[in-house]
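One file, data.cif, carrying mmCIF, C-alpha atoms:
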```cif
data_start
#
loop_
_atom_site.label_atom_id
_atom_site.label_comp_id
_atom_site.auth_asym_id
_atom_site.auth_seq_id
_atom_site.Cartn_x
_atom_site.Cartn_y
_atom_site.Cartn_z
CA MET O 1 117.38 -190.39 79.57
CA LYS O 2 114.18 -188.94 78.09
CA LYS O 3 112.35 -192.07 79.15
CA ASN O 4 113.60 -191.68 82.70
CA ILE O 5 112.60 -187.99 82.78
CA LYS O 6 109.15 -188.89 81.49
CA GLY O 7 108.82 -191.56 84.16
CA VAL O 8 109.87 -189.13 86.86
CA LEU O 9 107.36 -186.54 85.66
CA VAL O 10 104.55 -189.10 85.53
CA GLY O 11 105.47 -190.15 89.05
CA ILE O 12 105.47 -186.56 90.28
CA PHE O 13 102.09 -185.81 88.76
CA THR O 14 100.61 -189.07 90.05
CA ALA O 15 101.89 -188.33 93.53
CA ALA O 16 100.63 -184.75 93.31
CA ALA O 17 97.17 -185.94 92.27
CA ALA O 18 97.05 -188.48 95.06
CA TYR O 19 98.29 -185.92 97.57
CA GLY O 20 95.84 -183.37 96.22
CA ALA O 21 92.89 -185.73 96.72
CA PHE O 22 94.11 -186.62 100.20
CA GLY O 23 94.96 -183.00 101.04
CA THR O 24 91.56 -181.78 99.94
CA ALA O 25 89.80 -184.35 102.11
CA VAL O 26 91.97 -183.50 105.09
CA ALA O 27 91.78 -179.72 104.66
CA THR O 28 88.01 -179.70 104.46
CA SER O 29 87.59 -181.79 107.59
CA GLU O 30 87.39 -180.74 111.20
CA TYR O 31 90.60 -182.62 111.98
CA SER O 32 92.84 -180.35 109.94
CA LEU O 33 91.61 -177.33 111.83
CA ARG O 34 93.03 -178.79 115.02
CA LEU O 35 96.39 -177.60 113.70
CA PHE O 36 95.24 -174.15 114.80
CA PRO O 37 94.05 -172.68 118.11
CA SER O 38 90.41 -173.23 119.03
CA GLY O 39 88.05 -170.28 119.17
CA GLU O 40 88.03 -170.52 122.96
CA GLN O 41 91.82 -170.34 123.11
CA ALA O 42 91.94 -167.41 120.66
CA LEU O 43 89.46 -165.45 122.79
CA GLU O 44 91.42 -166.18 125.96
CA ASN O 45 94.62 -164.99 124.27
CA LEU O 46 92.89 -161.61 123.89
CA GLY O 47 91.65 -161.51 127.47
CA ILE O 48 88.09 -162.67 126.76
CA PRO O 49 86.74 -165.78 128.54
CA GLY O 50 86.60 -168.76 126.19
CA SER O 51 83.05 -169.40 127.34
CA GLU O 52 81.98 -166.32 125.32
CA LEU O 53 82.35 -168.39 122.14
CA ALA O 54 78.96 -169.96 122.90
CA ASN O 55 77.41 -166.50 122.53
CA LEU O 56 79.12 -165.96 119.16
CA SER O 57 78.74 -169.25 117.32
CA ASP O 58 76.84 -172.50 117.65
CA ASN O 59 79.56 -174.17 115.55
CA PRO O 60 83.16 -175.13 116.43
CA VAL O 61 85.65 -172.40 115.47
CA TRP O 62 89.40 -172.50 114.87
CA VAL O 63 91.49 -169.38 114.40
CA LYS O 64 94.41 -169.04 112.01
CA SER O 65 97.03 -166.31 111.91
CA LYS O 66 98.59 -165.19 108.64
CA SER O 67 101.23 -167.87 108.21
CA ASN O 68 102.38 -169.99 105.30
CA LEU O 69 100.66 -172.98 106.90
CA SER O 70 97.32 -171.17 107.15
CA LYS O 71 97.65 -169.84 103.59
CA PHE O 72 98.32 -173.35 102.31
CA HIS O 73 95.37 -174.58 104.33
CA ASP O 74 93.15 -171.88 102.80
CA MET O 75 94.19 -173.04 99.33
CA LEU O 76 93.26 -176.63 100.14
CA MET O 77 89.94 -175.50 101.59
CA LEU O 78 89.14 -173.58 98.41
CA TRP O 79 90.14 -176.61 96.37
CA GLY O 80 87.97 -178.88 98.48
CA GLN O 81 85.01 -176.55 98.04
CA GLY O 82 85.35 -176.74 94.27
CA GLN O 83 86.70 -173.22 93.73
CA THR O 84 88.18 -173.03 90.23
CA ASP O 85 88.69 -169.28 89.90
CA ILE O 86 92.41 -168.52 90.31
CA THR O 87 91.57 -165.10 91.77
CA SER O 88 90.12 -166.88 94.81
CA TYR O 89 93.52 -168.37 95.50
CA GLU O 90 95.27 -165.05 94.93
CA TYR O 91 92.85 -163.42 97.36
CA ALA O 92 93.45 -166.00 100.06
CA VAL O 93 97.20 -166.35 99.64
CA ILE O 94 98.63 -163.13 98.19
CA ASN O 95 96.35 -160.12 98.42
CA ASP O 96 94.64 -160.55 101.75
CA ASP O 97 97.39 -160.36 104.36
CA ASP O 98 95.71 -157.54 106.26
CA MET O 99 92.08 -158.60 106.34
CA ALA O 100 90.20 -161.06 108.52
CA TYR O 101 87.50 -163.41 107.28
CA ALA O 102 85.50 -166.45 108.30
CA GLN O 103 85.30 -169.54 106.14
CA GLY O 104 82.74 -172.23 106.86
CA PHE O 105 82.63 -175.70 105.35
CA GLY O 106 79.01 -175.62 104.29
CA GLU O 107 77.57 -179.08 103.96
CA LEU O 108 80.82 -180.90 104.73
CA ASP O 109 80.50 -180.39 108.47
CA SER O 110 79.77 -177.70 111.03
CA SER O 111 83.32 -176.45 111.50
CA CYS O 112 84.43 -172.95 110.66
CA SER O 113 87.80 -171.24 110.47
CA VAL O 114 88.57 -167.58 111.08
CA THR O 115 91.69 -166.21 109.42
CA MET O 116 92.92 -163.17 111.29
CA ALA O 117 94.74 -160.05 110.15
CA ARG O 118 98.18 -159.22 111.54
CA GLU O 119 98.27 -158.65 115.27
CA ASP O 120 99.38 -155.00 115.18
CA MET O 121 96.42 -153.89 113.04
CA SER O 122 95.16 -150.45 114.08
CA ILE O 123 91.99 -148.58 113.14
CA THR O 124 94.16 -146.34 110.95
CA ASP O 125 95.49 -149.42 109.16
CA PHE O 126 91.98 -150.80 108.82
CA ILE O 127 90.67 -147.57 107.25
CA THR O 128 93.70 -147.34 104.97
CA ILE O 129 93.30 -150.90 103.75
CA SER O 130 89.51 -150.82 103.43
CA TYR O 131 89.10 -147.43 101.76
CA SER O 132 92.60 -146.68 100.37
CA ILE O 133 92.81 -143.49 102.44
CA SER O 134 96.43 -142.73 103.33
CA PRO O 135 97.39 -143.09 107.02
CA ARG O 136 98.32 -139.42 107.31
CA MET O 137 94.68 -138.49 106.69
CA ILE O 138 93.60 -140.31 109.85
CA GLU O 139 94.66 -137.98 112.64
CA ARG O 140 93.01 -139.76 115.56
CA ASP O 141 93.38 -143.46 116.21
CA LEU O 142 91.51 -144.02 119.47
CA THR O 143 91.52 -147.78 119.40
CA PRO O 144 94.41 -149.94 120.70
CA ALA O 145 95.48 -152.71 118.34
CA LYS O 146 94.35 -155.28 120.91
CA ASP O 147 90.82 -153.82 120.80
CA VAL O 148 90.87 -153.95 117.00
CA GLN O 149 91.80 -157.62 117.20
CA ARG O 150 89.05 -158.29 119.73
CA ILE O 151 86.38 -156.62 117.60
CA MET O 152 87.57 -158.27 114.37
CA LEU O 153 87.84 -161.72 115.96
CA THR O 154 84.41 -161.63 117.57
CA HIS O 155 82.83 -160.23 114.38
CA GLU O 156 84.27 -163.06 112.28
CA MET O 157 83.40 -165.68 114.90
CA ALA O 158 79.81 -164.45 114.77
CA HIS O 159 79.91 -165.21 111.03
CA CYS O 160 80.57 -168.83 112.00
CA SER O 161 77.15 -169.16 113.58
CA THR O 162 74.59 -171.05 111.52
CA ASP O 163 72.37 -167.97 111.17
CA ASN O 164 75.21 -165.77 109.90
CA ARG O 165 76.77 -168.14 107.36
CA ILE O 166 74.18 -167.36 104.71
CA HIS O 167 75.16 -165.78 101.41
CA GLY O 168 73.71 -163.48 98.78
CA SER O 169 73.54 -159.69 98.86
CA VAL O 170 70.65 -159.21 101.30
CA ALA O 171 71.69 -162.19 103.37
CA THR O 172 75.28 -160.95 103.58
CA HIS O 173 73.99 -157.56 104.66
CA PHE O 174 71.96 -159.25 107.40
CA ALA O 175 74.93 -161.39 108.44
CA GLU O 176 77.16 -158.32 108.65
CA ILE O 177 74.93 -156.38 111.00
CA SER O 178 74.15 -159.47 113.05
CA ALA O 179 77.87 -160.22 113.40
CA ASP O 180 78.59 -156.60 114.35
CA GLN O 181 75.93 -156.52 117.01
CA VAL O 182 76.78 -159.90 118.51
CA ALA O 183 80.45 -158.90 118.55
CA ALA O 184 79.64 -155.58 120.24
CA GLU O 185 77.66 -157.34 122.94
CA VAL O 186 80.41 -159.84 123.67
CA VAL O 187 83.48 -157.64 123.34
CA ALA O 188 82.33 -154.38 124.99
CA PRO O 189 83.22 -155.38 128.58
CA TYR O 190 86.79 -156.25 127.55
CA LEU O 191 87.74 -153.15 125.56
CA GLU O 192 90.70 -151.15 126.80
CA HIS O 193 89.49 -147.80 125.47
CA PRO O 194 85.96 -146.50 126.10
CA GLN O 195 85.69 -145.08 122.57
CA SER O 196 86.70 -148.25 120.74
CA ILE O 197 83.12 -149.18 119.86
CA ASP O 198 82.43 -145.57 118.82
CA ALA O 199 85.48 -145.74 116.54
CA TRP O 200 84.15 -148.95 115.02
CA ARG O 201 80.72 -147.39 114.46
CA HIS O 202 82.29 -144.37 112.75
CA PHE O 203 84.46 -146.69 110.66
CA ARG O 204 81.25 -148.28 109.39
CA ALA O 205 80.00 -144.83 108.30
CA LEU O 206 82.99 -144.47 105.94
CA ALA O 207 81.63 -147.43 103.94
CA LEU O 208 79.58 -145.05 101.78
CA TYR O 209 81.37 -146.15 98.62
CA TYR O 210 82.13 -149.66 99.85
CA PRO O 211 80.18 -152.73 98.60
CA SER O 212 76.57 -152.27 99.67
CA THR O 213 76.41 -155.69 101.32
CA HIS O 214 78.84 -154.42 103.98
CA ASP O 215 77.31 -150.98 104.50
CA THR O 216 75.51 -151.47 107.78
CA ALA O 217 75.87 -147.88 109.02
CA LEU O 218 72.17 -147.00 109.05
CA ILE O 219 71.27 -150.19 110.87
CA VAL O 220 74.01 -149.64 113.45
CA ASP O 221 72.78 -146.07 113.88
CA GLU O 222 69.14 -147.05 114.21
CA GLU O 223 69.84 -149.70 116.79
CA GLY O 224 72.17 -147.42 118.74
CA HIS O 225 73.43 -149.28 121.78
CA ASP O 226 70.60 -151.80 121.69
CA LEU O 227 72.38 -155.04 121.00
CA ILE O 228 71.40 -158.06 118.93
CA LYS O 229 67.67 -158.49 118.28
CA SER O 230 66.12 -161.43 116.52
CA ASP O 231 63.94 -159.30 114.27
CA ILE O 232 66.70 -157.13 112.74
CA PHE O 233 66.83 -157.31 108.97
CA PRO O 234 68.06 -154.73 106.46
CA ARG O 235 65.19 -152.79 104.95
CA PRO O 236 65.23 -151.87 101.24
CA GLU O 237 64.85 -148.16 102.04
CA MET O 238 68.20 -148.24 103.85
CA ALA O 239 69.99 -149.40 100.72
CA GLU O 240 68.05 -146.82 98.70
CA ALA O 241 69.12 -144.07 101.10
CA THR O 242 72.78 -144.98 100.69
CA ARG O 243 72.38 -145.06 96.91
CA GLU O 244 70.77 -141.61 96.98
CA VAL O 245 73.66 -140.14 98.98
CA LEU O 246 76.27 -141.81 96.81
CA LEU O 247 74.58 -140.71 93.57
CA GLU O 248 74.30 -137.10 94.75
CA THR O 249 77.92 -137.03 95.88
CA MET O 250 79.56 -138.76 92.94
CA THR O 251 77.49 -136.76 90.43
CA GLU O 252 78.66 -133.55 92.08
CA LEU O 253 82.28 -134.76 92.12
CA HIS O 254 82.08 -135.50 88.41
CA GLU O 255 80.52 -132.14 87.59
CA ARG O 256 83.09 -130.21 89.61
CA PHE O 257 86.27 -131.93 88.55
CA SER O 258 86.00 -134.10 85.44
CA ASN O 259 86.11 -131.09 83.09
CA ASN O 260 88.59 -129.11 85.13
CA LEU O 261 91.88 -130.94 84.96
CA THR O 262 93.78 -128.11 86.61
CA ALA O 263 91.57 -128.20 89.70
CA LEU O 264 91.73 -131.99 89.79
CA GLU O 265 95.51 -132.03 89.49
CA PHE O 266 95.81 -129.42 92.21
CA SER O 267 93.56 -131.42 94.50
CA LEU O 268 95.41 -134.63 93.74
CA GLU O 269 98.68 -132.92 94.49
CA ALA O 270 97.30 -131.51 97.73
CA TYR O 271 95.91 -134.82 98.97
CA SER O 272 98.44 -137.13 97.27
CA ASN O 273 95.95 -139.62 95.81
CA PHE O 274 92.37 -139.82 94.62
CA SER O 275 91.04 -141.66 97.64
CA ASP O 276 92.26 -138.92 99.99
CA PHE O 277 90.86 -136.33 97.63
CA ARG O 278 87.50 -138.11 97.43
CA TYR O 279 87.38 -138.52 101.23
CA VAL O 280 87.65 -134.76 101.76
CA GLU O 281 85.61 -133.64 98.75
CA MET O 282 82.74 -135.98 99.64
CA TYR O 283 82.77 -134.45 103.12
CA LYS O 284 82.57 -130.93 101.68
CA ILE O 285 79.83 -131.82 99.20
CA LEU O 286 77.78 -133.48 101.91
CA LEU O 287 78.10 -130.41 104.11
CA GLU O 288 76.61 -128.34 101.30
CA LYS O 289 73.88 -130.88 100.53
CA LEU O 290 72.90 -131.05 104.19
CA ALA O 291 72.82 -127.25 104.40
CA GLU O 292 70.56 -127.17 101.35
CA ASP O 293 68.34 -129.93 102.77
CA ALA O 294 68.89 -131.63 99.42
CA PHE O 295 67.94 -135.18 100.36
CA GLU O 296 64.33 -136.21 99.91
CA ASN O 297 64.69 -139.30 102.04
CA PRO O 298 65.20 -138.64 105.79
CA LEU O 299 67.30 -141.80 105.95
CA ALA O 300 69.56 -140.39 103.23
CA THR O 301 69.97 -137.22 105.28
CA ARG O 302 71.03 -139.31 108.27
CA ARG O 303 73.39 -141.41 106.13
CA ALA O 304 75.06 -138.21 104.88
CA GLU O 305 75.36 -136.92 108.44
CA MET O 306 77.02 -140.16 109.49
CA TYR O 307 79.74 -139.80 106.87
CA VAL O 308 80.31 -136.18 107.94
CA GLU O 309 80.52 -137.24 111.59
CA ALA O 310 82.96 -140.03 110.73
CA VAL O 311 85.34 -137.67 108.91
CA GLU O 312 85.19 -135.27 111.85
CA PHE O 313 85.77 -138.14 114.26
CA PHE O 314 88.90 -139.49 112.55
CA SER O 315 90.24 -136.37 110.78
CA PRO O 316 89.32 -133.29 112.83
CA GLN O 317 91.97 -130.99 111.36
CA ALA O 318 91.19 -131.96 107.78
CA ALA O 319 87.49 -131.55 108.55
CA THR O 320 88.04 -128.10 110.10
CA THR O 321 89.97 -126.92 107.05
CA ALA O 322 87.41 -128.38 104.65
CA ARG O 323 84.47 -126.94 106.57
CA LEU O 324 86.10 -123.48 106.57
CA SER O 325 86.57 -123.62 102.79
CA VAL O 326 82.88 -124.52 102.37
CA ILE O 327 81.82 -121.62 104.60
CA LEU O 328 84.01 -119.19 102.65
CA LYS O 329 82.52 -120.37 99.35
CA ASN O 330 78.98 -120.25 100.73
CA PRO O 331 78.95 -117.16 103.00
CA ASP O 332 75.16 -116.84 102.90
CA SER O 333 74.50 -120.36 104.11
CA LYS O 334 74.03 -120.16 107.87
CA ALA O 335 73.23 -123.86 108.05
CA ILE O 336 76.88 -124.82 107.56
CA GLY O 337 77.74 -123.88 111.12
CA VAL O 338 80.74 -125.22 112.97
CA SER O 339 80.01 -128.76 114.03
CA PRO O 340 80.26 -129.38 117.77
CA LEU O 341 81.86 -132.73 116.92
CA LEU O 342 85.02 -130.88 115.88
CA PHE O 343 85.54 -129.81 119.46
CA ASP O 344 84.64 -133.05 121.22
CA PHE O 345 88.03 -134.71 120.99
CA LYS O 346 90.98 -132.49 121.85
#
```
If you convert what's in this file into structure tokens, what do you get?
Amino acid sequence: MKKNIKGVLVGIFTAAAAYGAFGTAVATSEYSLRLFPSGEQALENLGIPGSELANLSDNPVWVKSKSNLSKFHDMLMLWGQGQTDITSYEYAVINDDDMAYAQGFGELDSSCSVTMAREDMSITDFITISYSISPRMIERDLTPAKDVQRIMLTHEMAHCSTDNRIHGSVATHFAEISADQVAAEVVAPYLEHPQSIDAWRHFRALALYYPSTHDTALIVDEEGHDLIKSDIFPRPEMAEATREVLLETMTELHERFSNNLTALEFSLEAYSNFSDFRYVEMYKILLEKLAEDAFENPLATRRAEMYVEAVEFFSPQAATTARLSVILKNPDSKAIGVSPLLFDFK
């Protein structure tokens, strides 16, 4: 009996190894991606001509929804690329149901897959997932889910282009802004809501405490509505400006609340979790810093303004309440006037 069990186990492991080798070869080839819709078909499903893919990527693209098949395929792709860190598999299969990402095959061939988030993703969902801010804090969701899908899909497809598949912190930063700008150029004519791109730009401004490689707010702001340019590249002073704003804000948060547990507990109770609390308190601190003209770097001043504008864009009532509390605590500061942004979107 034991001999038979041992033989069965050996057979299972031999078969698994053989299948693994075969599966890895298949998963990391262009042929396996044909299980999924082509980039052209995915664009057409969202009302964008398939011919627009040529403006997004010079490589073939296939698009996968969040299904067990695509998750299994992602695992095989990671295996075929030599990924040995188990967290990579957890990220692809368990923890990443609501995010979209592009995955190229590097030297194996020119193909690229885009794994999409769920189809009903809204800007509120996106902010909640990206920054852990509760949905009830986002009072205005101007962007239809279909527009969110269009922007996400075209952004990730742009990452499939040869120029935007580079890695490393500065390179990723460059790829992010390039992908955003290419996506904006392609998707703008097909948006259902005129403020969808504005919502996306404000969403970028909330990345103040997000990984620096994805904080493209200053570049987006500088370029305005000028679309992709070949000479765009993140400048070191932009990253320094973001660091200055973040250092000023987090230092002030620590000084105000780390030694005052009662105030912290009250704030946590009022806003339900730390991310909500931080979202509002950073807004209030930045209002004060801007009123004091506290930033030495003009770019830092603009980066702070962008965060303030983003909070007012998505959370006008919370911003109004927070701004009033700042005015009451700083009655002599005339610079903290009522922002016209608070009255732009009734």
Checklist entry - What does the distance from atom CA of Asp74 of chain O to atom CA of Ala184 of chain O come to in Å, to one decimal? => result 27.4 Å
Checklist entry - Given the file above and the PyMOL selection byres ((chain O and resi 147) around 12), which residues are selected, and can you give them as a PyMOL selection string? => result chain O and resi 43+46-48+119-123+141-146+148-154+183-184+187-200
So that each row is one residue of segment 127-157 of chain O with an atom at most 12 Å from segment 300-310 of chain O, can you give its shortest atom pair and the distance in Å to one decimal, using all atoms listed in the file, rows by chain and rising number, as CSV?
```
residue,atom,partner,partner_atom,distance
O:Ile127,CA,O:Ala310,CA,11.3
O:Ile138,CA,O:Ala310,CA,10.7
O:Arg140,CA,O:Ala310,CA,11.2
```
Checklist entry - Written as number ranges by chain, which residues does the PyMOL selection byres ((chain O and resi 58) around 12) give for the file shown? => result O: 39, 51-57, 59-61, 110-112, 157-165
Item to check | Contacts of Ile177 of chain O at 8 Å (all atoms listed in the file; same-chain gap of 6+ positions) as a ChimeraX atom specification | outcome: /O:216,219-220
Checklist entry - Leaving out segment 317-322 of chain O and any residue of its chain fewer than 5 positions from it, which residues lie within 8 Å of it when counting only C-alpha atoms, given as a list in words? => result Met137, Glu139, Val280, Tyr283, Lys284, Val311, Glu312 and Leu342 of chain O
Item to check | Selection result of the PyMOL selection byres ((chain O and resi 281) around 10) on this file, as a list in words | outcome: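 On this input, the PyMOL selection byres ((chain O and resi 281) around 10) captures Thr249, Met250, Glu252, Leu253, Ser267, Ser275, Asp276, Phe277, Arg278, Tyr279, Val280, Met282, Tyr283, Lys284, Ile285, Leu286, Leu287 and Ala322 of chain O.
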Output file for the selection above: C-alpha atoms, as a CSV table (one decimal), in the frame of the given file:
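Result file again_20.csv:
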```csv
chain,number,residue,atom,x,y,z
O,249,THR,CA,77.9,-137.0,95.9
O,250,MET,CA,79.6,-138.8,92.9
O,252,GLU,CA,78.7,-133.6,92.1
O,253,LEU,CA,82.3,-134.8,92.1
O,267,SER,CA,93.6,-131.4,94.5
O,275,SER,CA,91.0,-141.7,97.6
O,276,ASP,CA,92.3,-138.9,100.0
O,277,PHE,CA,90.9,-136.3,97.6
O,278,ARG,CA,87.5,-138.1,97.4
O,279,TYR,CA,87.4,-138.5,101.2
O,280,VAL,CA,87.6,-134.8,101.8
O,282,MET,CA,82.7,-136.0,99.6
O,283,TYR,CA,82.8,-134.4,103.1
O,284,LYS,CA,82.6,-130.9,101.7
O,285,ILE,CA,79.8,-131.8,99.2
O,286,LEU,CA,77.8,-133.5,101.9
O,287,LEU,CA,78.1,-130.4,104.1
O,322,ALA,CA,87.4,-128.4,104.6
```
Next on the checklist: So that I can see what lies close to Leu218 of chain O, please list as number ranges by chain the residues with an atom at most 12 Å from it, counting all atoms listed in the file and leaving out residues fewer than 3 positions away in the same chain.
Outcome noted: O: 173, 177, 201-202, 204-208, 212, 214-215, 221-224, 233-242, 298-307
Next on the checklist: As an exercise, work out the distance from atom CA of Phe274 of chain O to atom CA of Phe126 of chain O in Å and give it to one decimal place.
Outcome noted: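 Separation between atom CA of Phe274 of chain O and atom CA of Phe126 of chain O: 18.0 Å.
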Checklist entry - Do you have the atom CA of Phe313 of chain O-atom CA of Ala175 of chain O distance handy? => result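 Between these atoms lies a distance of 26.3 Å.
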Next on the checklist: Set the distance at 8 Å and use all atoms listed in the file: which residues neighbour His155 of chain O once local chain neighbours fewer than 5 positions away are removed? I'd like the list as a list in words.
Outcome noted: Ala179, Asp180, Val182 and Ala183 of chain O
Around all the atoms of segment 275-294 of chain O listed in the file, with 8 Å of room on each side, what axis-aligned box do you get, giving centre and edge lengths in Å to one decimal, as JSON?
```
{"center_x": 80.3, "center_y": -134.4, "center_z": 100.9, "size_x": 39.9, "size_y": 30.5, "size_z": 23.0}
```
Item to check | Nearest residue to Lys66 of chain O from the set O:Ser325, O:Ser38, O:Thr115, O:Ser132 (distances using all atoms listed in the file) | outcome: O:Thr115
